[in-house]
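Participant: Before I ask anything, let me first share the structure, which is written out below as structure tokens.
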Amino acid sequence: MKILLVGAEAAPFIKTGGLGDVLGALPKSLNKKKDVDARVILPYYKGIPQHFKDQAEDLFYTYVDVGWRHMYAGVKHIYFENVHFYFIDNEYYFNRDGVYGFYDDGERFAFFQQAVLEILPQLEFIPDVIHVNDYHTAMIPVLLREKYAWIDGYPYINTLLTIHNIEFQGQYDPATLGELFNLSMDKYNDGTFQQDGCFNWLKSGLIYANKITTVSPTYAKEIQTPEFGKGLDSILRAQSSKLSGIVNGIDTEIFDPAKDEFLFKNYSLKTVKDKTINKLELQKQVGLPVREDVMLVGIVSRLTYQKGFHLVLEQMKEILNWDIQFVILGTGYKEFEEGFSWFAENYPDQVATIINFNLELAQRIYGGSDLFLMPSAFEPCGLSQMMAMRYGNLPLVHEIGGLKDTVSPYNPLTGEGTGFGFKSFDSYWLKDVLASANLLYNRDQEAWKKLQKNAMEQDFSWDTASLEYLNLYWELN
Ligand code: ADP
């Protein structure tokens with residue numbers, strides 16, 4: 001089975017979010033399986049670390065037509081951790097600071113997608129499946145059928161499109177069909193490529209891809225509703241027979257409390273009492289009173305409305321009447337940074353706020369906190385809640401998207417669960433569930449320890465997730 005993953009980023013070469021994680025970890029895990037050859041193509045950005053650039057081997061170059069432009073496309077190669085990574089090099093498009101957000105992103109990724117399909121014969125790698133990701137590569141399933149079907153072997157290639165973020169769809173002027181792809185207006189005029197008067201790449205890809213996935217089963221259902229579908233819900237409903245959700249994994253080698261170099265003391269399920277040492281040291285580091293007998297709530301996040309922190313701020317004064325501590329690490333919107341900083345100044349015995357991006361402190365918060373707060377308004381998958389559970393830190397989440405699929409809320413009748421959840425996106429319910437969690441922490445440590453054990457025993461490895469992808473690839477063939 002030959003699989004080509006194509007995307008705008010892949011860790012550890014270049015990463016701005018979850019997409020980069022997936023394109024780094026999934027092929028590595030797929031290639032551990034028998035008879036699978038998964039490779040990756042991405043742009044050769046300026047931001048790729050120099051030590052990788054030094055390893056990159058120049059394979060060949062060609063020219064790609066982007067409308068009337070005749071553009072150079074160099075092909076570089078790095079073999080890394082059992083995976084062949086290919087890079088498309090063009091200094092004009094990719095030798096810039098940053099990955100996205102340029103006025104000509106449409107032209108840059110129109111070039112990239114056409115370059116991918118034009119170099120495969122010369123690479124001598126004609127895949128069984130091309131797995132494309134997000135709008136930057138969503139036109140590949142279209143181009144494969146409408147522009148490059150004449151290439152030997154191409155009619156047999158099947159495609160899978162994964163939606164990591166439905167918010168960005170690649171909406172362009174209809175004239176760019178000809179100007180960037182040399183395609184006629186026919187499919188725009190009959191409505192296939194059109195959405196709200198724009199040429200919409202993601203919509204086009206959804207129609208042409210043989211299968212569609214998103215990063216959790218619940219989010220796969222949610223995006224078929226007007227509330228979460230960002231205008232594409234009716235298209236997704238129409239395509240629902242080919243749509244499914246697969247939860248991302250986390251790198252269980254990096255996020256492992258037994259090995260994590262940033263922790264004050266390593267621990268595992270067997271030695272979970274050593275988690276307390278991490279809690280006491282964390283309190284000391286962030287300037288909170290050092291106390292074992294108070295529930296320490298951790299937050300590590302982008303501080304945005306998506307992550308639901310307005311609900312927390314709304315109730316914070318009341319919550320701080322209880323015996324409870326907070327450590328908050330994040331950056332984001334000013335109102336949240338200032339809001340949490342205000343509480344740190346005014347309640348120094350209960351709240352520590354660190355406005356920063358700090359991987360070391362993040363790990364210490366996963367390791368040292370008792371409860372991890374993640375009340376996202378929407379969450380396609382979410383990684384932090386999985387990391388928290390792996391560190392025996394019980395997540396309290398809004399039960400939507402990937403949070404619903406990965407956290408099983410505490411059931412007081414059976415004592416089962418791996419965290420806590422609230423259903424209605426309302427600060428009252430968040431406070432209510434947080435109060436119950438605090439009560440359980442203070443009154444019933446035995447029940448708490450059971451939840452902690454359940455959480456730490458969950459399997460969030462990529463090996464499980466990649467098996468699900470592999471099954472889908474097989475279904476396509
Ligand atoms: P999203 O990708 O929507 O921001 P995820 O939960 O999928 O949310 O992933 C967020 C990742 O970024 C987690 O690994 C989290 O630990 C990390 N992170 C977020 N904010 C910070 C920060 N201020 N410092 C360190 N790590 C952070």
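Chain labels follow the order of the structure tokens: the first chain is A, the next B, and so on; residue numbering restarts at 1 in every chain, and ligands are counted from 1 in their shown order.
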Determine, using only C-alpha atoms, which residues of stretch 361-442 of chain A have any atom at most 10 Å from an atom of stretch 243-252 of chain A, and tabulate each with its shortest atom pair and distance in Å to one decimal place, rows ordered by chain and then rising number, as a Markdown table.
Facilitator:
```
| residue | atom | partner | partner_atom | distance |
| --- | --- | --- | --- | --- |
| A:Pro380 | CA | A:Val247 | CA | 9.0 |
| A:Cys381 | CA | A:Val247 | CA | 6.3 |
| A:Gly382 | CA | A:Asn248 | CA | 8.3 |
| A:Leu383 | CA | A:Ile250 | CA | 6.8 |
| A:Ser384 | CA | A:Ile250 | CA | 9.2 |
| A:Met386 | CA | A:Ile250 | CA | 7.4 |
| A:Met387 | CA | A:Ile250 | CA | 7.4 |
| A:Arg390 | CA | A:Thr252 | CA | 8.5 |
| A:Gly401 | CA | A:Val247 | CA | 9.9 |
| A:Gly402 | CA | A:Val247 | CA | 6.9 |
| A:Leu403 | CA | A:Val247 | CA | 10.0 |
| A:Asp405 | CA | A:Val247 | CA | 7.9 |
| A:Thr406 | CA | A:Val247 | CA | 8.2 |
```
Participant: Write the residues of the preceding selection, restricted to N, CA and C atoms, as an mmCIF file, in the first residue's frame.
Facilitator:
```cif
data_model
loop_
_atom_site.group_PDB
_atom_site.id
_atom_site.type_symbol
_atom_site.label_atom_id
_atom_site.label_comp_id
_atom_site.auth_asym_id
_atom_site.auth_seq_id
_atom_site.Cartn_x
_atom_site.Cartn_y
_atom_site.Cartn_z
ATOM 1 N N PRO A 380 -12.329 20.565 17.438
ATOM 2 C CA PRO A 380 -12.304 19.465 16.468
ATOM 3 C C PRO A 380 -11.728 18.182 17.080
ATOM 4 N N CYS A 381 -10.595 18.281 17.753
ATOM 5 C CA CYS A 381 -10.034 17.106 18.431
ATOM 6 C C CYS A 381 -9.531 17.511 19.813
ATOM 7 N N GLY A 382 -8.511 18.372 19.849
ATOM 8 C CA GLY A 382 -7.917 18.766 21.137
ATOM 9 C C GLY A 382 -6.862 17.748 21.542
ATOM 10 N N LEU A 383 -5.713 18.242 21.929
ATOM 11 C CA LEU A 383 -4.628 17.358 22.367
ATOM 12 C C LEU A 383 -4.403 17.486 23.872
ATOM 13 N N SER A 384 -4.603 18.720 24.384
ATOM 14 C CA SER A 384 -4.244 18.996 25.773
ATOM 15 C C SER A 384 -4.959 18.080 26.755
ATOM 16 N N MET A 386 -5.835 15.079 26.326
ATOM 17 C CA MET A 386 -5.231 13.740 26.305
ATOM 18 C C MET A 386 -3.903 13.748 27.065
ATOM 19 N N MET A 387 -3.144 14.832 26.862
ATOM 20 C CA MET A 387 -1.883 14.958 27.604
ATOM 21 C C MET A 387 -2.173 14.989 29.105
ATOM 22 N N ARG A 390 -2.915 11.608 30.492
ATOM 23 C CA ARG A 390 -1.720 10.757 30.554
ATOM 24 C C ARG A 390 -0.875 11.075 31.791
ATOM 25 N N GLY A 401 -17.283 17.914 20.422
ATOM 26 C CA GLY A 401 -16.185 17.552 19.522
ATOM 27 C C GLY A 401 -15.299 16.468 20.082
ATOM 28 N N GLY A 402 -13.991 16.666 19.905
ATOM 29 C CA GLY A 402 -13.024 15.671 20.358
ATOM 30 C C GLY A 402 -12.988 15.525 21.871
ATOM 31 N N LEU A 403 -13.458 16.556 22.588
ATOM 32 C CA LEU A 403 -13.462 16.462 24.056
ATOM 33 C C LEU A 403 -14.471 15.407 24.496
ATOM 34 N N ASP A 405 -15.335 12.854 22.730
ATOM 35 C CA ASP A 405 -14.869 11.524 22.319
ATOM 36 C C ASP A 405 -13.700 10.998 23.144
ATOM 37 N N THR A 406 -13.025 11.860 23.882
ATOM 38 C CA THR A 406 -11.827 11.397 24.589
ATOM 39 C C THR A 406 -11.949 11.411 26.110
#
```
Participant: Using only C-alpha atoms and all ligand atoms, which residues have at least one atom no more than 10 Å from ligand 1? Output them as a PyMOL selection string.
Facilitator: chain A and resi 16-21+164-165+248+250+255+299-304+306-307+328-332+354-363+365-366+374+376+378-388+402-403
Participant: For A:Leu117, work out the shell of residues within 10 Å, counting only C-alpha atoms and skipping chain neighbours fewer than 5 positions away, then give it as a CSV table (one decimal) with all heavy atoms, in the first residue's frame.
Facilitator:
```csv
chain,number,residue,atom,x,y,z
A,112,PHE,N,1.8,24.8,-5.3
A,112,PHE,CA,2.3,23.7,-4.6
A,112,PHE,C,1.5,22.4,-5.0
A,112,PHE,O,2.0,21.3,-5.3
A,112,PHE,CB,2.1,23.9,-3.1
A,112,PHE,CG,2.4,22.7,-2.2
A,112,PHE,CD1,3.7,22.2,-2.2
A,112,PHE,CD2,1.4,22.1,-1.5
A,112,PHE,CE1,3.9,21.1,-1.4
A,112,PHE,CE2,1.6,21.0,-0.7
A,112,PHE,CZ,2.9,20.5,-0.6
A,126,ILE,N,3.9,6.4,-7.6
A,126,ILE,CA,2.5,6.6,-7.9
A,126,ILE,C,1.7,5.9,-6.8
A,126,ILE,O,1.7,4.7,-6.7
A,126,ILE,CB,2.2,6.0,-9.3
A,126,ILE,CG1,3.1,6.5,-10.4
A,126,ILE,CG2,0.7,6.2,-9.6
A,126,ILE,CD1,2.9,8.0,-10.7
A,140,ILE,N,-6.3,19.0,-4.8
A,140,ILE,CA,-5.6,17.9,-5.4
A,140,ILE,C,-6.6,16.8,-5.9
A,140,ILE,O,-6.5,16.4,-7.1
A,140,ILE,CB,-4.5,17.3,-4.5
A,140,ILE,CG1,-3.3,18.3,-4.5
A,140,ILE,CG2,-4.1,15.9,-4.9
A,140,ILE,CD1,-2.2,17.9,-3.6
A,143,LEU,N,-7.9,18.3,-9.2
A,143,LEU,CA,-7.0,18.3,-10.2
A,143,LEU,C,-6.6,16.9,-10.8
A,143,LEU,O,-6.4,16.8,-12.0
A,143,LEU,CB,-5.7,19.0,-9.7
A,143,LEU,CG,-5.8,20.5,-9.3
A,143,LEU,CD1,-4.6,20.9,-8.5
A,143,LEU,CD2,-6.0,21.3,-10.5
A,144,LEU,N,-6.6,16.0,-9.9
A,144,LEU,CA,-6.4,14.6,-10.3
A,144,LEU,C,-7.4,14.1,-11.4
A,144,LEU,O,-7.0,13.4,-12.3
A,144,LEU,CB,-6.5,13.7,-9.1
A,144,LEU,CG,-5.8,12.4,-9.0
A,144,LEU,CD1,-4.3,12.4,-9.3
A,144,LEU,CD2,-6.1,11.7,-7.6
A,147,LYS,N,-7.6,17.6,-14.4
A,147,LYS,CA,-6.5,18.1,-15.1
A,147,LYS,C,-5.4,17.1,-15.5
A,147,LYS,O,-4.8,17.2,-16.5
A,147,LYS,CB,-5.9,19.3,-14.3
A,147,LYS,CG,-4.8,20.1,-15.1
A,147,LYS,CD,-4.4,21.3,-14.4
A,147,LYS,CE,-3.3,22.0,-15.2
A,147,LYS,NZ,-2.8,23.2,-14.5
A,148,TYR,N,-5.2,16.1,-14.6
A,148,TYR,CA,-4.1,15.2,-14.7
A,148,TYR,C,-4.4,13.8,-14.9
A,148,TYR,O,-3.6,12.9,-14.8
A,148,TYR,CB,-3.1,15.3,-13.5
A,148,TYR,CG,-2.5,16.7,-13.3
A,148,TYR,CD1,-2.9,17.6,-12.3
A,148,TYR,CD2,-1.5,17.1,-14.2
A,148,TYR,CE1,-2.4,18.8,-12.2
A,148,TYR,CE2,-0.9,18.4,-14.0
A,148,TYR,CZ,-1.3,19.2,-13.0
A,148,TYR,OH,-0.8,20.5,-12.8
A,151,ILE,N,-2.3,11.2,-17.0
A,151,ILE,CA,-1.0,10.7,-16.6
A,151,ILE,C,-1.1,9.2,-16.2
A,151,ILE,O,-2.1,8.8,-15.5
A,151,ILE,CB,-0.4,11.5,-15.4
A,151,ILE,CG1,-0.1,12.9,-15.8
A,151,ILE,CG2,0.9,10.8,-14.9
A,151,ILE,CD1,0.5,13.8,-14.7
A,154,TYR,N,-2.7,7.6,-12.9
A,154,TYR,CA,-3.4,8.5,-12.1
A,154,TYR,C,-4.9,8.2,-11.9
A,154,TYR,O,-5.5,8.4,-10.9
A,154,TYR,CB,-3.3,10.0,-12.6
A,154,TYR,CG,-2.0,10.7,-12.1
A,154,TYR,CD1,-0.9,9.9,-11.7
A,154,TYR,CD2,-2.0,12.1,-12.0
A,154,TYR,CE1,0.2,10.6,-11.2
A,154,TYR,CE2,-0.9,12.7,-11.5
A,154,TYR,CZ,0.2,12.0,-11.1
A,154,TYR,OH,1.3,12.6,-10.7
```
Participant: Would you pick out the contacts of stretch 123-125 of chain A at 12 Å or less, using only C-alpha atoms, so that residues sharing its chain but fewer than 3 positions from it are not included, and give the list as a PyMOL selection string?
Facilitator: chain A and resi 1-4+37-41+59-62+75-77+84-87+115-120+128-130+152-154+157
Participant: Report as number ranges by chain: the residues of stretch 125-325 of chain A with a DSSP assignment of strand (DSSP E or B), based on the backbone of this structure.
Facilitator: A: 129-133, 158-163, 171-172, 194-195, 198-200, 211-214, 243-245, 250, 295-303, 324-325
Participant: Closest to A:Gly231 among A:Ser268, A:Asn189, A:Gln350, A:Gln171, using only C-alpha atoms?
Facilitator: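 Smallest distance to A:Gly231 is found for A:Gln171.
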Participant: Can you pull out the residues contacting A:Asp233? Cut-off 9 Å, using only C-alpha atoms, and skip same-chain residues under 6 positions away; I want them as a PyMOL selection string.
Facilitator: chain A and resi 222-227
Participant: Based on the selection just made, write all heavy atoms of those residues as an mmCIF file, in the first residue's frame.
Facilitator:
```cif
data_model
loop_
_atom_site.group_PDB
_atom_site.id
_atom_site.type_symbol
_atom_site.label_atom_id
_atom_site.label_comp_id
_atom_site.auth_asym_id
_atom_site.auth_seq_id
_atom_site.Cartn_x
_atom_site.Cartn_y
_atom_site.Cartn_z
ATOM 1 N N GLU A 222 -20.918 17.183 14.153
ATOM 2 C CA GLU A 222 -21.200 18.607 14.403
ATOM 3 C C GLU A 222 -21.070 19.451 13.141
ATOM 4 O O GLU A 222 -21.871 20.359 12.921
ATOM 5 C CB GLU A 222 -20.255 19.134 15.489
ATOM 6 C CG GLU A 222 -20.602 18.610 16.871
ATOM 7 C CD GLU A 222 -19.532 18.900 17.927
ATOM 8 O OE1 GLU A 222 -18.423 19.345 17.557
ATOM 9 O OE2 GLU A 222 -19.802 18.668 19.109
ATOM 10 N N ILE A 223 -20.063 19.162 12.301
ATOM 11 C CA ILE A 223 -19.871 20.026 11.120
ATOM 12 C C ILE A 223 -20.970 19.825 10.071
ATOM 13 O O ILE A 223 -21.029 20.577 9.108
ATOM 14 C CB ILE A 223 -18.469 19.853 10.473
ATOM 15 C CG1 ILE A 223 -18.197 18.392 10.130
ATOM 16 C CG2 ILE A 223 -17.380 20.439 11.364
ATOM 17 C CD1 ILE A 223 -16.858 18.177 9.430
ATOM 18 N N GLN A 224 -21.849 18.863 10.312
ATOM 19 C CA GLN A 224 -22.998 18.720 9.412
ATOM 20 C C GLN A 224 -24.174 19.581 9.867
ATOM 21 O O GLN A 224 -25.258 19.492 9.317
ATOM 22 C CB GLN A 224 -23.427 17.252 9.341
ATOM 23 C CG GLN A 224 -22.353 16.363 8.730
ATOM 24 C CD GLN A 224 -22.775 14.907 8.693
ATOM 25 O OE1 GLN A 224 -23.825 14.563 8.181
ATOM 26 N NE2 GLN A 224 -21.947 14.043 9.252
ATOM 27 N N THR A 225 -23.950 20.393 10.926
ATOM 28 C CA THR A 225 -25.008 21.289 11.408
ATOM 29 C C THR A 225 -24.625 22.738 11.100
ATOM 30 O O THR A 225 -23.430 23.069 11.042
ATOM 31 C CB THR A 225 -25.184 21.167 12.934
ATOM 32 O OG1 THR A 225 -23.964 21.638 13.565
ATOM 33 C CG2 THR A 225 -25.429 19.733 13.369
ATOM 34 N N PRO A 226 -25.631 23.607 10.905
ATOM 35 C CA PRO A 226 -25.334 25.012 10.601
ATOM 36 C C PRO A 226 -24.483 25.675 11.694
ATOM 37 O O PRO A 226 -23.690 26.562 11.415
ATOM 38 C CB PRO A 226 -26.711 25.667 10.518
ATOM 39 C CG PRO A 226 -27.675 24.552 10.322
ATOM 40 C CD PRO A 226 -27.072 23.319 10.917
ATOM 41 N N GLU A 227 -24.629 25.215 12.928
ATOM 42 C CA GLU A 227 -23.913 25.835 14.045
ATOM 43 C C GLU A 227 -22.395 25.687 13.907
ATOM 44 O O GLU A 227 -21.629 26.579 14.262
ATOM 45 C CB GLU A 227 -24.398 25.159 15.326
ATOM 46 C CG GLU A 227 -24.108 25.923 16.576
ATOM 47 C CD GLU A 227 -24.511 25.119 17.810
ATOM 48 O OE1 GLU A 227 -25.241 24.117 17.685
ATOM 49 O OE2 GLU A 227 -24.060 25.511 18.908
#
```
Participant: Rounded to one decimal place, report the atom CA of A:Trp68-atom CA of A:Gln114 distance in Å.
Facilitator: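 Between atom CA of A:Trp68 and atom CA of A:Gln114 the gap is 13.6 Å.
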Participant: List the spatial neighbours of A:Ala138 as a PyMOL selection string - criterion: any atom at most 9 Å away, only C-alpha atoms, same-chain residues fewer than 2 positions off excluded.
Facilitator: chain A and resi 113+132-136+140-142+161-162+169-170+201-206+209
Participant: If you run DSSP on this backbone, which residues of stretch 165-308 of chain A come out as alpha helix (DSSP H), and could you give them as a PyMOL selection string?
Facilitator: chain A and resi 176-181+186-189+201-208+217-222+233-238+275-286
Participant: Pick the closest to A:Gly308 from A:Leu467, A:Ala377, A:Leu42, A:Leu476: which is it, counting only C-alpha atoms?
Facilitator: A:Ala377
Participant: Can you measure atom CA of A:Leu472 to atom CA of A:Leu236 for me? One decimal in Å is fine.
Facilitator: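 Spanning atom CA of A:Leu472 to atom CA of A:Leu236 is a straight-line distance of 18.1 Å.
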Participant: I need the residue nearest A:Leu263 from this list: A:Lys279, A:Lys230, A:His51, A:Lys423. Use only C-alpha atoms for the distance.
Facilitator: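 Checking each candidate against A:Leu263, we get A:Lys279 as the closest.
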Participant: May I have the residues within 12 Å of A:Gly67 as a PDB file with N, CA and C atoms, in the first residue's frame, using only C-alpha atoms and disregarding those fewer than 2 positions away in the same chain?
Facilitator:
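Full text of out.pdb as output:
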```pdb
ATOM      1  N   VAL A  64       6.592  24.407 -13.371  1.00  0.00           N
ATOM      2  CA  VAL A  64       5.150  24.178 -13.233  1.00  0.00           C
ATOM      3  C   VAL A  64       4.422  25.435 -13.705  1.00  0.00           C
ATOM      4  N   ASP A  65       3.395  25.245 -14.521  1.00  0.00           N
ATOM      5  CA  ASP A  65       2.618  26.395 -14.981  1.00  0.00           C
ATOM      6  C   ASP A  65       1.513  26.721 -13.989  1.00  0.00           C
ATOM      7  N   ARG A  69       2.008  31.874 -15.483  1.00  0.00           N
ATOM      8  CA  ARG A  69       3.369  31.899 -14.911  1.00  0.00           C
ATOM      9  C   ARG A  69       4.059  30.549 -15.117  1.00  0.00           C
ATOM     10  N   HIS A  70       5.350  30.589 -15.335  1.00  0.00           N
ATOM     11  CA  HIS A  70       6.119  29.369 -15.547  1.00  0.00           C
ATOM     12  C   HIS A  70       7.103  29.322 -14.387  1.00  0.00           C
ATOM     13  N   MET A  71       6.824  28.484 -13.367  1.00  0.00           N
ATOM     14  CA  MET A  71       7.541  28.602 -12.101  1.00  0.00           C
ATOM     15  C   MET A  71       8.473  27.415 -11.847  1.00  0.00           C
ATOM     16  N   GLU A 107      -2.208  31.697  -4.681  1.00  0.00           N
ATOM     17  CA  GLU A 107      -1.239  31.393  -5.753  1.00  0.00           C
ATOM     18  C   GLU A 107      -0.165  30.424  -5.245  1.00  0.00           C
ATOM     19  N   ALA A 110      -1.756  27.029  -4.982  1.00  0.00           N
ATOM     20  CA  ALA A 110      -2.125  26.526  -6.321  1.00  0.00           C
ATOM     21  C   ALA A 110      -0.853  25.954  -6.962  1.00  0.00           C
ATOM     22  N   PHE A 111       0.248  26.686  -6.822  1.00  0.00           N
ATOM     23  CA  PHE A 111       1.539  26.200  -7.331  1.00  0.00           C
ATOM     24  C   PHE A 111       1.904  24.868  -6.671  1.00  0.00           C
ATOM     25  N   GLN A 114      -0.224  21.784  -7.786  1.00  0.00           N
ATOM     26  CA  GLN A 114       0.045  21.332  -9.158  1.00  0.00           C
ATOM     27  C   GLN A 114       1.441  20.730  -9.247  1.00  0.00           C
ATOM     28  N   ALA A 175     -12.330  33.922 -11.166  1.00  0.00           N
ATOM     29  CA  ALA A 175     -11.376  34.069 -12.274  1.00  0.00           C
ATOM     30  C   ALA A 175     -10.089  33.285 -12.018  1.00  0.00           C
ATOM     31  N   THR A 176      -9.794  32.990 -10.734  1.00  0.00           N
ATOM     32  CA  THR A 176      -8.545  32.277 -10.430  1.00  0.00           C
ATOM     33  C   THR A 176      -8.576  30.817 -10.902  1.00  0.00           C
ATOM     34  N   LEU A 177      -9.765  30.307 -11.230  1.00  0.00           N
ATOM     35  CA  LEU A 177      -9.842  28.951 -11.809  1.00  0.00           C
ATOM     36  C   LEU A 177      -8.963  28.861 -13.046  1.00  0.00           C
ATOM     37  N   GLY A 178      -9.073  29.873 -13.877  1.00  0.00           N
ATOM     38  CA  GLY A 178      -8.234  29.914 -15.078  1.00  0.00           C
ATOM     39  C   GLY A 178      -6.855  30.476 -14.759  1.00  0.00           C
ATOM     40  N   GLU A 179      -6.829  31.535 -13.953  1.00  0.00           N
ATOM     41  CA  GLU A 179      -5.559  32.242 -13.712  1.00  0.00           C
ATOM     42  C   GLU A 179      -4.550  31.418 -12.932  1.00  0.00           C
ATOM     43  N   LEU A 180      -5.039  30.518 -12.060  1.00  0.00           N
ATOM     44  CA  LEU A 180      -4.102  29.733 -11.238  1.00  0.00           C
ATOM     45  C   LEU A 180      -4.055  28.250 -11.608  1.00  0.00           C
ATOM     46  N   PHE A 181      -5.150  27.733 -12.183  1.00  0.00           N
ATOM     47  CA  PHE A 181      -5.197  26.282 -12.426  1.00  0.00           C
ATOM     48  C   PHE A 181      -5.395  25.914 -13.909  1.00  0.00           C
ATOM     49  N   ASN A 182      -5.568  26.898 -14.760  1.00  0.00           N
ATOM     50  CA  ASN A 182      -5.889  26.639 -16.176  1.00  0.00           C
ATOM     51  C   ASN A 182      -7.120  25.739 -16.323  1.00  0.00           C
ATOM     52  N   LEU A 183      -8.101  25.925 -15.429  1.00  0.00           N
ATOM     53  CA  LEU A 183      -9.348  25.155 -15.535  1.00  0.00           C
ATOM     54  C   LEU A 183     -10.435  26.064 -16.107  1.00  0.00           C
ATOM     55  N   SER A 184     -11.419  25.460 -16.767  1.00  0.00           N
ATOM     56  CA  SER A 184     -12.503  26.257 -17.344  1.00  0.00           C
ATOM     57  C   SER A 184     -13.507  26.623 -16.241  1.00  0.00           C
TER      58      SER A 184
END
```
Participant: Report the distance between atom CA of A:Pro121 and atom CA of A:Pro49 in Å, rounded to one decimal place.
Facilitator: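 Interatomic distance here is 28.7 Å.
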